[in-house]
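> To be precise about what I am sending: the file is called query01.cif and holds mmCIF, N, CA and C atoms.
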```cif
data_work
#
loop_
_atom_site.group_PDB
_atom_site.id
_atom_site.type_symbol
_atom_site.label_atom_id
_atom_site.label_comp_id
_atom_site.auth_asym_id
_atom_site.auth_seq_id
_atom_site.Cartn_x
_atom_site.Cartn_y
_atom_site.Cartn_z
ATOM 1 N N MET G 1 82.272 -61.872 -75.993
ATOM 2 C CA MET G 1 81.311 -61.293 -75.083
ATOM 3 C C MET G 1 82.065 -60.408 -74.096
ATOM 4 N N LYS G 2 81.743 -59.127 -74.005
ATOM 5 C CA LYS G 2 82.524 -58.254 -73.148
ATOM 6 C C LYS G 2 82.065 -58.232 -71.699
ATOM 7 N N GLU G 3 80.790 -58.366 -71.444
ATOM 8 C CA GLU G 3 80.305 -58.328 -70.073
ATOM 9 C C GLU G 3 80.383 -59.711 -69.453
ATOM 10 N N LYS G 4 80.863 -59.783 -68.215
ATOM 11 C CA LYS G 4 80.901 -61.087 -67.562
ATOM 12 C C LYS G 4 79.525 -61.472 -67.050
ATOM 13 N N TYR G 5 78.795 -60.519 -66.490
ATOM 14 C CA TYR G 5 77.481 -60.830 -65.920
ATOM 15 C C TYR G 5 76.376 -60.136 -66.692
ATOM 16 N N LEU G 6 75.562 -60.934 -67.343
ATOM 17 C CA LEU G 6 74.408 -60.442 -68.085
ATOM 18 C C LEU G 6 73.222 -60.349 -67.121
ATOM 19 N N PRO G 7 72.239 -59.501 -67.405
ATOM 20 C CA PRO G 7 71.116 -59.336 -66.482
ATOM 21 C C PRO G 7 70.234 -60.584 -66.377
ATOM 22 N N ILE G 8 69.609 -60.712 -65.206
ATOM 23 C CA ILE G 8 68.605 -61.758 -65.007
ATOM 24 C C ILE G 8 67.538 -61.599 -66.090
ATOM 25 N N GLY G 9 67.086 -62.718 -66.619
ATOM 26 C CA GLY G 9 66.078 -62.685 -67.678
ATOM 27 C C GLY G 9 66.665 -62.749 -69.074
ATOM 28 N N THR G 10 68.003 -62.632 -69.176
ATOM 29 C CA THR G 10 68.643 -62.736 -70.485
ATOM 30 C C THR G 10 68.498 -64.166 -70.996
ATOM 31 N N VAL G 11 68.156 -64.301 -72.264
ATOM 32 C CA VAL G 11 67.991 -65.615 -72.884
ATOM 33 C C VAL G 11 69.188 -65.855 -73.793
ATOM 34 N N VAL G 12 69.842 -67.011 -73.596
ATOM 35 C CA VAL G 12 71.051 -67.332 -74.351
ATOM 36 C C VAL G 12 70.938 -68.714 -74.974
ATOM 37 N N LEU G 13 71.788 -68.926 -75.956
ATOM 38 C CA LEU G 13 71.977 -70.254 -76.536
ATOM 39 C C LEU G 13 73.402 -70.656 -76.203
ATOM 40 N N LEU G 14 73.562 -71.804 -75.569
ATOM 41 C CA LEU G 14 74.891 -72.264 -75.180
ATOM 42 C C LEU G 14 75.581 -72.949 -76.345
ATOM 43 N N LYS G 15 76.890 -72.930 -76.327
ATOM 44 C CA LYS G 15 77.671 -73.583 -77.384
ATOM 45 C C LYS G 15 77.287 -75.058 -77.450
ATOM 46 N N GLY G 16 77.012 -75.519 -78.641
ATOM 47 C CA GLY G 16 76.625 -76.914 -78.853
ATOM 48 C C GLY G 16 75.186 -77.214 -78.446
ATOM 49 N N GLY G 17 74.460 -76.202 -77.989
ATOM 50 C CA GLY G 17 73.084 -76.414 -77.543
ATOM 51 C C GLY G 17 72.071 -76.127 -78.627
ATOM 52 N N SER G 18 70.878 -76.653 -78.433
ATOM 53 C CA SER G 18 69.799 -76.398 -79.389
ATOM 54 C C SER G 18 68.574 -75.810 -78.690
ATOM 55 N N HIS G 19 68.635 -75.688 -77.366
ATOM 56 C CA HIS G 19 67.514 -75.164 -76.588
ATOM 57 C C HIS G 19 67.959 -73.908 -75.840
ATOM 58 N N LYS G 20 67.174 -72.873 -75.890
ATOM 59 C CA LYS G 20 67.521 -71.620 -75.221
ATOM 60 C C LYS G 20 67.432 -71.770 -73.702
ATOM 61 N N VAL G 21 68.261 -70.977 -73.000
ATOM 62 C CA VAL G 21 68.301 -70.972 -71.539
ATOM 63 C C VAL G 21 68.129 -69.530 -71.062
ATOM 64 N N MET G 22 67.283 -69.330 -70.038
ATOM 65 C CA MET G 22 67.099 -68.004 -69.463
ATOM 66 C C MET G 22 67.883 -67.911 -68.152
ATOM 67 N N ILE G 23 68.723 -66.889 -68.036
ATOM 68 C CA ILE G 23 69.516 -66.681 -66.824
ATOM 69 C C ILE G 23 68.581 -66.288 -65.687
ATOM 70 N N ASN G 24 68.699 -67.019 -64.554
ATOM 71 C CA ASN G 24 67.867 -66.695 -63.394
ATOM 72 C C ASN G 24 68.666 -66.628 -62.096
ATOM 73 N N GLY G 25 70.004 -66.629 -62.202
ATOM 74 C CA GLY G 25 70.823 -66.505 -61.007
ATOM 75 C C GLY G 25 72.303 -66.463 -61.333
ATOM 76 N N TYR G 26 73.090 -66.113 -60.324
ATOM 77 C CA TYR G 26 74.538 -65.980 -60.474
ATOM 78 C C TYR G 26 75.262 -66.837 -59.431
ATOM 79 N N CYS G 27 76.508 -67.163 -59.721
ATOM 80 C CA CYS G 27 77.420 -67.808 -58.766
ATOM 81 C C CYS G 27 76.810 -69.056 -58.138
ATOM 82 N N ALA G 28 76.444 -70.004 -58.971
ATOM 83 C CA ALA G 28 75.797 -71.228 -58.510
ATOM 84 C C ALA G 28 76.815 -72.355 -58.342
ATOM 85 N N VAL G 29 76.527 -73.235 -57.388
ATOM 86 C CA VAL G 29 77.377 -74.399 -57.124
ATOM 87 C C VAL G 29 76.521 -75.643 -57.295
ATOM 88 N N ALA G 30 77.042 -76.617 -58.036
ATOM 89 C CA ALA G 30 76.327 -77.877 -58.251
ATOM 90 C C ALA G 30 76.523 -78.790 -57.051
ATOM 91 N N GLU G 31 75.520 -79.601 -56.779
ATOM 92 C CA GLU G 31 75.609 -80.556 -55.670
ATOM 93 C C GLU G 31 76.821 -81.472 -55.803
ATOM 94 N N ASP G 32 77.114 -81.901 -57.014
ATOM 95 C CA ASP G 32 78.205 -82.860 -57.227
ATOM 96 C C ASP G 32 79.552 -82.209 -57.549
ATOM 97 N N ARG G 33 79.608 -80.869 -57.563
ATOM 98 C CA ARG G 33 80.861 -80.159 -57.851
ATOM 99 C C ARG G 33 80.997 -78.960 -56.931
ATOM 100 N N LYS G 34 81.123 -79.214 -55.657
ATOM 101 C CA LYS G 34 81.178 -78.131 -54.662
ATOM 102 C C LYS G 34 82.410 -77.246 -54.816
ATOM 103 N N ASP G 35 83.419 -77.721 -55.564
ATOM 104 C CA ASP G 35 84.652 -76.955 -55.751
ATOM 105 C C ASP G 35 84.566 -75.947 -56.891
ATOM 106 N N LYS G 36 83.478 -75.962 -57.655
ATOM 107 C CA LYS G 36 83.336 -75.111 -58.840
ATOM 108 C C LYS G 36 82.160 -74.162 -58.677
ATOM 109 N N VAL G 37 82.418 -72.866 -58.853
ATOM 110 C CA VAL G 37 81.351 -71.866 -58.841
ATOM 111 C C VAL G 37 81.104 -71.446 -60.286
ATOM 112 N N PHE G 38 79.902 -71.726 -60.774
ATOM 113 C CA PHE G 38 79.532 -71.366 -62.133
ATOM 114 C C PHE G 38 79.075 -69.910 -62.167
ATOM 115 N N ASP G 39 79.338 -69.221 -63.275
ATOM 116 C CA ASP G 39 78.928 -67.824 -63.420
ATOM 117 C C ASP G 39 77.415 -67.664 -63.341
ATOM 118 N N TYR G 40 76.690 -68.618 -63.923
ATOM 119 C CA TYR G 40 75.244 -68.480 -64.075
ATOM 120 C C TYR G 40 74.479 -69.722 -63.674
ATOM 121 N N ARG G 41 73.220 -69.461 -63.357
ATOM 122 C CA ARG G 41 72.221 -70.503 -63.185
ATOM 123 C C ARG G 41 71.112 -70.146 -64.164
ATOM 124 N N GLY G 42 70.561 -71.128 -64.855
ATOM 125 C CA GLY G 42 69.515 -70.842 -65.824
ATOM 126 C C GLY G 42 68.477 -71.935 -65.884
ATOM 127 N N CYS G 43 67.397 -71.649 -66.588
ATOM 128 C CA CYS G 43 66.331 -72.621 -66.784
ATOM 129 C C CYS G 43 65.963 -72.640 -68.265
ATOM 130 N N PRO G 44 65.341 -73.730 -68.700
ATOM 131 C CA PRO G 44 64.941 -73.811 -70.100
ATOM 132 C C PRO G 44 63.979 -72.677 -70.460
ATOM 133 N N TYR G 45 64.143 -72.132 -71.648
ATOM 134 C CA TYR G 45 63.252 -71.086 -72.138
ATOM 135 C C TYR G 45 62.489 -71.637 -73.334
ATOM 136 N N PRO G 46 61.199 -71.514 -73.399
ATOM 137 C CA PRO G 46 60.292 -70.684 -72.625
ATOM 138 C C PRO G 46 59.616 -71.412 -71.457
ATOM 139 N N GLU G 47 59.937 -72.661 -71.208
ATOM 140 C CA GLU G 47 59.219 -73.446 -70.207
ATOM 141 C C GLU G 47 59.419 -72.980 -68.773
ATOM 142 N N GLY G 48 60.647 -72.555 -68.443
ATOM 143 C CA GLY G 48 60.955 -72.240 -67.061
ATOM 144 C C GLY G 48 61.242 -73.514 -66.281
ATOM 145 N N ILE G 49 61.333 -73.393 -64.974
ATOM 146 C CA ILE G 49 61.629 -74.547 -64.126
ATOM 147 C C ILE G 49 60.330 -75.294 -63.867
ATOM 148 N N MET G 50 60.260 -76.517 -64.360
ATOM 149 C CA MET G 50 59.057 -77.330 -64.193
ATOM 150 C C MET G 50 59.297 -78.472 -63.207
ATOM 151 N N GLU G 51 60.560 -78.703 -62.866
ATOM 152 C CA GLU G 51 60.927 -79.741 -61.914
ATOM 153 C C GLU G 51 62.256 -79.354 -61.297
ATOM 154 N N THR G 52 62.657 -80.024 -60.235
ATOM 155 C CA THR G 52 63.863 -79.619 -59.522
ATOM 156 C C THR G 52 65.137 -79.807 -60.329
ATOM 157 N N ASN G 53 65.157 -80.710 -61.275
ATOM 158 C CA ASN G 53 66.385 -80.895 -62.056
ATOM 159 C C ASN G 53 66.386 -80.083 -63.345
ATOM 160 N N GLY G 54 65.477 -79.131 -63.477
ATOM 161 C CA GLY G 54 65.409 -78.292 -64.673
ATOM 162 C C GLY G 54 66.294 -77.066 -64.583
ATOM 163 N N VAL G 55 67.505 -77.229 -64.044
ATOM 164 C CA VAL G 55 68.419 -76.111 -63.847
ATOM 165 C C VAL G 55 69.689 -76.362 -64.645
ATOM 166 N N ALA G 56 70.184 -75.327 -65.301
ATOM 167 C CA ALA G 56 71.458 -75.414 -66.026
ATOM 168 C C ALA G 56 72.464 -74.518 -65.321
ATOM 169 N N LEU G 57 73.677 -75.005 -65.128
ATOM 170 C CA LEU G 57 74.764 -74.205 -64.576
ATOM 171 C C LEU G 57 75.797 -74.046 -65.670
ATOM 172 N N PHE G 58 76.252 -72.796 -65.895
ATOM 173 C CA PHE G 58 77.177 -72.566 -66.994
ATOM 174 C C PHE G 58 77.991 -71.320 -66.749
ATOM 175 N N ASP G 59 79.077 -71.196 -67.494
ATOM 176 C CA ASP G 59 79.977 -70.051 -67.412
ATOM 177 C C ASP G 59 79.832 -69.183 -68.655
ATOM 178 N N ILE G 60 80.320 -67.967 -68.558
ATOM 179 C CA ILE G 60 80.217 -66.988 -69.645
ATOM 180 C C ILE G 60 80.800 -67.518 -70.951
ATOM 181 N N ASP G 61 81.894 -68.270 -70.854
ATOM 182 C CA ASP G 61 82.543 -68.758 -72.075
ATOM 183 C C ASP G 61 81.764 -69.875 -72.765
ATOM 184 N N GLN G 62 80.706 -70.374 -72.144
ATOM 185 C CA GLN G 62 79.873 -71.393 -72.762
ATOM 186 C C GLN G 62 78.711 -70.789 -73.560
ATOM 187 N N ILE G 63 78.546 -69.481 -73.475
ATOM 188 C CA ILE G 63 77.460 -68.817 -74.202
ATOM 189 C C ILE G 63 77.887 -68.583 -75.641
ATOM 190 N N ASP G 64 77.076 -69.086 -76.550
ATOM 191 C CA ASP G 64 77.339 -68.908 -77.976
ATOM 192 C C ASP G 64 76.660 -67.646 -78.499
ATOM 193 N N LYS G 65 75.440 -67.393 -78.025
ATOM 194 C CA LYS G 65 74.661 -66.280 -78.580
ATOM 195 C C LYS G 65 73.711 -65.736 -77.522
ATOM 196 N N VAL G 66 73.593 -64.418 -77.448
ATOM 197 C CA VAL G 66 72.576 -63.777 -76.615
ATOM 198 C C VAL G 66 71.366 -63.546 -77.507
ATOM 199 N N CYS G 67 70.259 -64.209 -77.173
ATOM 200 C CA CYS G 67 69.038 -64.107 -77.978
ATOM 201 C C CYS G 67 68.160 -62.944 -77.540
ATOM 202 N N TYR G 68 68.222 -62.620 -76.240
ATOM 203 C CA TYR G 68 67.411 -61.543 -75.685
ATOM 204 C C TYR G 68 68.108 -61.022 -74.436
ATOM 205 N N MET G 69 68.251 -59.722 -74.310
ATOM 206 C CA MET G 69 68.890 -59.116 -73.146
ATOM 207 C C MET G 69 67.831 -58.816 -72.090
ATOM 208 N N GLY G 70 68.080 -59.248 -70.865
ATOM 209 C CA GLY G 70 67.152 -59.033 -69.759
ATOM 210 C C GLY G 70 67.058 -57.571 -69.341
ATOM 211 N N PHE G 71 66.145 -57.297 -68.443
ATOM 212 C CA PHE G 71 65.858 -55.952 -67.956
ATOM 213 C C PHE G 71 67.032 -55.398 -67.158
ATOM 214 N N ARG G 72 67.354 -54.151 -67.426
ATOM 215 C CA ARG G 72 68.413 -53.449 -66.694
ATOM 216 C C ARG G 72 67.874 -52.141 -66.154
ATOM 217 N N ASN G 73 68.298 -51.826 -64.938
ATOM 218 C CA ASN G 73 68.031 -50.522 -64.355
ATOM 219 C C ASN G 73 69.185 -50.225 -63.398
ATOM 220 N N ASP G 74 69.117 -49.098 -62.707
ATOM 221 C CA ASP G 74 70.212 -48.727 -61.804
ATOM 222 C C ASP G 74 70.447 -49.786 -60.735
ATOM 223 N N GLU G 75 69.374 -50.350 -60.214
ATOM 224 C CA GLU G 75 69.493 -51.367 -59.159
ATOM 225 C C GLU G 75 70.249 -52.600 -59.655
ATOM 226 N N SER G 76 69.896 -53.082 -60.844
ATOM 227 C CA SER G 76 70.577 -54.274 -61.367
ATOM 228 C C SER G 76 72.028 -53.965 -61.739
ATOM 229 N N LEU G 77 72.284 -52.787 -62.255
ATOM 230 C CA LEU G 77 73.659 -52.416 -62.602
ATOM 231 C C LEU G 77 74.528 -52.284 -61.357
ATOM 232 N N ASP G 78 73.972 -51.725 -60.272
ATOM 233 C CA ASP G 78 74.703 -51.649 -59.002
ATOM 234 C C ASP G 78 75.021 -53.046 -58.473
ATOM 235 N N PHE G 79 74.035 -53.941 -58.558
ATOM 236 C CA PHE G 79 74.248 -55.305 -58.092
ATOM 237 C C PHE G 79 75.359 -55.992 -58.882
ATOM 238 N N ILE G 80 75.338 -55.840 -60.193
ATOM 239 C CA ILE G 80 76.372 -56.465 -61.032
ATOM 240 C C ILE G 80 77.744 -55.874 -60.728
ATOM 241 N N ASP G 81 77.827 -54.573 -60.476
ATOM 242 C CA ASP G 81 79.106 -53.961 -60.072
ATOM 243 C C ASP G 81 79.637 -54.616 -58.792
ATOM 244 N N LYS G 82 78.769 -54.805 -57.808
ATOM 245 C CA LYS G 82 79.175 -55.430 -56.548
ATOM 246 C C LYS G 82 79.563 -56.890 -56.763
ATOM 247 N N LEU G 83 78.813 -57.584 -57.597
ATOM 248 C CA LEU G 83 79.110 -58.979 -57.914
ATOM 249 C C LEU G 83 80.483 -59.108 -58.564
ATOM 250 N N GLU G 84 80.785 -58.220 -59.484
ATOM 251 C CA GLU G 84 82.100 -58.234 -60.137
ATOM 252 C C GLU G 84 83.229 -57.954 -59.152
ATOM 253 N N MET G 85 83.009 -57.038 -58.197
ATOM 254 C CA MET G 85 84.031 -56.749 -57.187
ATOM 255 C C MET G 85 84.282 -57.983 -56.316
ATOM 256 N N VAL G 86 83.230 -58.653 -55.905
ATOM 257 C CA VAL G 86 83.367 -59.815 -55.025
ATOM 258 C C VAL G 86 84.016 -60.989 -55.752
ATOM 259 N N THR G 87 83.628 -61.233 -56.994
ATOM 260 C CA THR G 87 84.132 -62.403 -57.704
ATOM 261 C C THR G 87 85.498 -62.188 -58.347
ATOM 262 N N SER G 88 85.967 -60.962 -58.406
ATOM 263 C CA SER G 88 87.274 -60.720 -59.023
ATOM 264 C C SER G 88 88.412 -60.917 -58.031
ATOM 265 N N LYS G 89 88.107 -61.162 -56.775
ATOM 266 C CA LYS G 89 89.143 -61.334 -55.744
ATOM 267 C C LYS G 89 89.810 -62.674 -55.845
#
```
Transcribe the structure of this file into structure tokens.


Amino acid sequence: MKEKYLPIGTVVLLKGGSHKVMINGYCAVAEDRKDKVFDYRGCPYPEGIMETNGVALFDIDQIDKVCYMGFRNDESLDFIDKLEMVTSK
């Protein structure tokens, strides 16, 4: 996978997973792992978040397959450029 940050709305299948996950955020921290910043936050697809524990935190290297690429425009591309600058430090 060449891009580190995929657009919001992208649907992926994680390695070893059988249920699709839709990316809905970046740079998430788990309550029980405050020392680790995950690349992505996601929710089950197609259900979405139905309860507070319906959130998946994962990194780019855990993605096995991109099933659907989310919406991109100049605004989202600018945001991802800034995100990459901040997280590469």

> Using only N, CA and C atoms, determine which residues lie at most 8 Å from Leu14 in chain G, disregarding the query and same-chain residues fewer than 2 positions distant; provide the list as a VMD selection string.

chain G and resid 11 to 12 16 to 21 61 to 66

> What does the distance from CA of Ile80 in chain G to CA of Ile60 in chain G come to in Å, to one decimal?

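Computed distance, CA of Ile80 in chain G to CA of Ile60 in chain G, equals 14.1 Å.
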
> As an MDAnalysis selection string, please: every residue in range 36-80 of chain G that DSSP puts in strand (DSSP E).

chainID G and resid 36:44 56:58 63:68

> Quick one: which residues end up in the PyMOL selection byres ((chain G and resi 57) around 6) for this structure, as a PyMOL selection string?

chain G and resi 38+40-42+55-56+58-59

> How many Å lie between atom C of Pro44 in chain G and atom C of Ala30 in chain G, rounded to one decimal?

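Computing it gives 19.4 Å between the two atoms.
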
> As an exercise, work out the distance from CA of Glu51 in chain G to CA of Lys15 in chain G in Å and give it to one decimal place.

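Separation of CA of Glu51 in chain G and CA of Lys15 in chain G: 23.6 Å.
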
> Enumerate the residues of chain G with a DSSP assignment of helix (DSSP H, G or I), computed from the backbone, and present them as a list in words.

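The helix (DSSP H, G or I) subset of chain G is Ile60, Asp61, Gln62, Asp74, Glu75, Ser76, Leu77, Asp78, Phe79, Ile80, Asp81, Lys82, Leu83, Glu84, Met85, Val86 and Thr87 of chain G.
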
> For range 64-78 of chain G, I'd like the enclosing box, axis-aligned and padded by 5 Å on every side, reported as JSON with centre and edge lengths in Å to one decimal.


```
{"center_x": 71.6, "center_y": -58.9, "center_z": -68.5, "size_x": 21.5, "size_y": 30.4, "size_z": 30.1}
```

> For Val86 in chain G, which residue out of G:Cys43, G:Cys27, G:Ile8, G:Leu13 is the nearest one, using only C-alpha atoms?

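Ranked by minimum distance to Val86 in chain G, first place goes to G:Cys27.
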
> Of the candidates G:Lys4, G:Glu31, G:Gly9, G:Met50, which shows the shortest atom-to-atom distance to Phe71 in chain G, using all atoms listed in the file?

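Ranked by minimum distance to Phe71 in chain G, first place goes to G:Gly9.
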